[in-house]
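Here is the structure we will look at.
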Amino acid sequence: MTAADTKAAGPPVPVPRAPEGTGPKPAPEKGISGSGRKQRKKGELLPYLLILPALVAVAAVYAFPLVKTVIMSFQDMGRKELWTGESPPWVGFEQFTNILGDAEFWSVTGRTVVFMVVCVGLTMGIGLLLALLMTRLTTWVRLVLTAALVAAWSMPLMVAASIFRWLSDSDYGLINTLIAKVAGEDFLGHNWFLDPKQGFAIIALLVVWGAIPFVVITLYAALTQVPRELEEAAALDGANAPAVFRFVTWPVIRPVFTMVATLSVIWDFNVFGQIWLLRGNKPEPEYETLGLYSFSKAFESTSFSQGTAIALITVLLLSGVAVYYLRQLMKTGEVE
Amino acid sequence: MSTSTAPSPAGAGQELRPDRKKSRWHYDVLGLLTAVLMAFPVYWLVISALRPNHEIRSYDQTLWPSSLTFDNFARAVKQENFATAVQSSLIVSVTAVVGGMIIATLAALAIGRFRFFGRKALLMVLILVQMLPPTAMLIPIYAQLNAIGGLDEYWGLIVVYLVSTLPFAIVMIRGFVVNIPVELEESAMVDGCTRMGAFRRVIFPLLAPGLAAASIFALVNAWNEYLFAYILINDNSKYTLNVWLMTFTTERGTDYGALMAASTLIALPVVVFFMIIQKKMAAGLTSGAVKG
């Protein structure tokens, strides 16, 4: 669940330390704790005792359900098995062949991918431009912009979704009023969600708006690590702004950029709450992305096994991205 | 930090060469414009919450309200289950955060202070599990809680939130742990402290800012969670605030005035905490930077 949550709430794991890893500074921790660790080898059982509670908890809420997901996806668990506690019959790969043979699954997957690509593209593009803009602002303007970003960032997901639902309301929404005022009366009463393309445009607006603060603040932190002297020297040597960016700035911020982009891919692939609330708790089939599709199979069609099989396919689809993210983390020294 | 020859009124380490200074104003205009765009939905939330209802239900929305009123807030607070939703949100998030911080601190100490077999793997697992899609976890957790009678109970939700805050909290607190020199702890032990005493008197006070930041972060996360709260709790009187928000939408339509007022109330603590955590995070960053 964290993927969706952290999005609304703020930076995920690497943020507090990301700029540290990117900078020219040597990682501070090695020298200091290295000597200490050697002396501590004797207390060999203690670290295991310390991590035990965390291990048990993570196993209970992540590892066990994940194993259970795999098991359930090879069974046929419905409402009856859930309530009686009977063990569901084994069906082998039937769930998977059913799903993979279902045209709806492929259209949902296609929709999810397109939506993710558009959202990540917009988020990262606008985010990078804004972060670069931040470095060129007068201090007080930068503070104003930072305050605006933090205000947007701190909106809980459900609150943000409520605001955008209100903004795009067909009768009393501000978007329609503004368009009507500028372009004529046509738009009063316009329902943005009748056409899924328009509906997804509103949802993307919400997703991108919600994600931009995190991206800008992280990238800006990375940009402050770019040595000024290098940029100046390049400019003195006759490099124009794009060249300075490409050869001096970009190499420094690239690890952070790819990391944030990877996280955005994972988050936007799993968008749930935004669509859920904008569609008033009852998303139409045309609004289903993989997360919602799995959810509706499990809880509305009460075929839990189909739901878990779809979730498992989603995990597999994302695992490549996740591994890439982890490698980036290791490169920047986050996991040493 | 910079080797400026020009006077630098900006004072944020930014270089101001004279030719650049001139062309700066249009960046500033762009920056202000972006700030307005980014903050606008938040403005619209607050202003709609304070707007009289006849303006909310008007086909001609105006950017400024004609008058301000607290009627929407009154309606929101009087909505069924408001008090219990506040209570549920508080019970669930606070318990989850306190439990999470204790477990996370222990693990962070282990990872930050000891070199043991499986340490790196543990860190990787922690980061990876955060990336699992929530719906993948939801169905088996639901089935499992159903089997052991944890549906509709606070503890089911608490356990889920507690664990979901763990990976982030461990990694963040570990960052603070490794920045505390081992020598401090050792000299305390040389001076006669036990290991627990050294932790209590030396490590813990230095760790406190990190713990505060991590716990606020975890609190905000739990406070904002929707999907699990919606599925694991069916009893109206145990709804958390985010789920409760949906009660403003009925078959007959949505009471947007009250919904915006309620949303403002839910967002308010988060905004306050965010302001605090911003500073703490900056402090964490600088302490790391100074040490290098």
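Ordering of the structure tokens sets the chain letters (A, B, ...), residue numbers begin anew at 1 in every chain, and ligands are numbered from 1 in the order given.
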
With a distance cut-off of 9 Å and only C-alpha atoms, select the neighbouring residues of stretch 46-61 of chain A, excluding the residue or stretch itself and same-chain residues fewer than 6 positions from it, and output the selection as a list of chain:residue names. B:Gly100, B:Ile103, B:Ala104, B:Thr105, B:Leu106, B:Ala107, B:Ala108, B:Leu109, B:Ala110, B:Ile111, B:Arg113, B:Phe114, B:Arg115, B:Phe116, B:Leu122, B:Leu126, B:Val129, B:Met137, B:Ile141, B:Val159, B:Val160, B:Leu162, B:Val163, B:Ser164, B:Leu166, B:Pro167

Please provide the set of residues having any atom within 9 Å of B:Thr34, restricted to only C-alpha atoms, with same-chain residues fewer than 5 positions apart removed, written as a ChimeraX atom specification. /A:130,145,148 /B:29,39

Keeping all heavy atoms, export the residues of the selection given above as a CSV table (one decimal), in the first residue's frame.
chain,number,residue,atom,x,y,z
A,130,LEU,N,10.8,22.7,-13.8
A,130,LEU,CA,10.5,23.5,-12.6
A,130,LEU,C,11.7,23.5,-11.7
A,130,LEU,O,12.1,24.5,-11.1
A,130,LEU,CB,9.3,23.0,-11.9
A,130,LEU,CG,7.9,23.4,-12.5
A,130,LEU,CD1,6.8,22.9,-11.6
A,130,LEU,CD2,7.8,24.9,-12.7
A,145,LEU,N,7.4,29.7,-4.2
A,145,LEU,CA,7.1,28.5,-5.0
A,145,LEU,C,7.3,27.2,-4.2
A,145,LEU,O,6.4,26.3,-4.2
A,145,LEU,CB,8.1,28.4,-6.2
A,145,LEU,CG,7.9,27.2,-7.2
A,145,LEU,CD1,6.5,27.1,-7.7
A,145,LEU,CD2,8.9,27.4,-8.3
A,148,ALA,N,4.2,26.8,-2.1
A,148,ALA,CA,3.1,26.3,-3.0
A,148,ALA,C,3.2,24.8,-3.2
A,148,ALA,O,2.3,24.1,-3.1
A,148,ALA,CB,3.0,27.1,-4.3
B,29,VAL,N,8.7,35.8,-12.8
B,29,VAL,CA,7.3,35.8,-13.2
B,29,VAL,C,6.8,34.4,-13.4
B,29,VAL,O,5.8,34.0,-12.9
B,29,VAL,CB,7.1,36.7,-14.5
B,29,VAL,CG1,5.7,36.5,-15.0
B,29,VAL,CG2,7.4,38.1,-14.2
B,39,ALA,N,-0.7,26.0,-6.2
B,39,ALA,CA,-1.5,26.3,-4.9
B,39,ALA,C,-3.0,26.4,-5.2
B,39,ALA,O,-3.8,26.3,-4.3
B,39,ALA,CB,-0.9,27.5,-4.2

Using only C-alpha atoms, which residues of stretch 49-153 of chain A come within 8 Å of stretch 286-298 of chain A, and what is the closest atom pair for each, with the distance in Å to one decimal? Give it as CSV, sorted by chain and residue number.
residue,atom,partner,partner_atom,distance
A:Val108,CA,A:Thr289,CA,5.5
A:Thr109,CA,A:Leu290,CA,6.2
A:Arg111,CA,A:Thr289,CA,6.5
A:Thr112,CA,A:Thr289,CA,5.0

Do you have the atom CA of A:Arg136-atom CA of B:Met275 distance handy?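 Atom CA of A:Arg136 sits 24.0 Å away from atom CA of B:Met275.
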
Can you tell me which residues surround B:Tyr27 at a distance of at most 7 Å, considering only C-alpha atoms, apart from same-chain residues fewer than 4 positions away, and format the answer as a ChimeraX atom specification? /A:133,136-137 /B:31

Please provide the set of residues having any atom within 10 Å of stretch 69-86 of chain B, restricted to only C-alpha atoms, with same-chain residues fewer than 2 positions apart removed, written as a VMD selection string. chain B and resid 47 to 53 65 67 88 to 91 236 to 245 247 to 248 255 to 266

Need the shell around A:Leu317: protein/DNA/RNA residues with any atom at most 12 Å away, counting only C-alpha atoms. Skip same-chain ones fewer than 2 positions apart. Format as a PyMOL selection string? (chain A and resi 109+112-113+265-266+269-270+290+310-315+319-323) or (chain B and resi 132-133)

Save the residues we just selected, C-alpha atoms, as a tab-separated table (two decimals), in the first residue's frame?
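The result, stored in part_28.tsv:
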chain	number	residue	atom	x	y	z
A	109	THR	CA	-3.06	-3.53	-19.37
A	112	THR	CA	-2.57	1.14	-17.58
A	113	VAL	CA	0.67	1.39	-19.55
A	265	VAL	CA	6.58	4.44	-12.95
A	266	ILE	CA	5.78	2.17	-10.04
A	269	PHE	CA	1.23	1.95	-12.64
A	270	ASN	CA	-0.58	1.32	-9.36
A	290	LEU	CA	-4.73	-3.16	-13.44
A	310	ILE	CA	-4.05	-10.33	-11.87
A	311	ALA	CA	-2.17	-8.79	-8.95
A	312	LEU	CA	0.58	-11.34	-9.40
A	313	ILE	CA	0.88	-10.55	-13.10
A	314	THR	CA	1.13	-6.87	-12.15
A	315	VAL	CA	3.93	-7.67	-9.71
A	319	SER	CA	9.51	-6.51	-11.00
A	320	GLY	CA	11.88	-5.49	-13.77
A	321	VAL	CA	11.37	-1.83	-12.87
A	322	ALA	CA	11.80	-2.62	-9.19
A	323	VAL	CA	15.07	-4.41	-9.74
B	132	LEU	CA	4.59	-4.20	-4.24
B	133	PRO	CA	1.25	-3.01	-5.57

Pick from A:Lys331, A:Lys282, A:Arg254, A:Arg142: nearest to chain B, with only C-alpha atoms counted?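 When distances to chain B are compared using only C-alpha atoms, the smallest one comes from A:Arg142.
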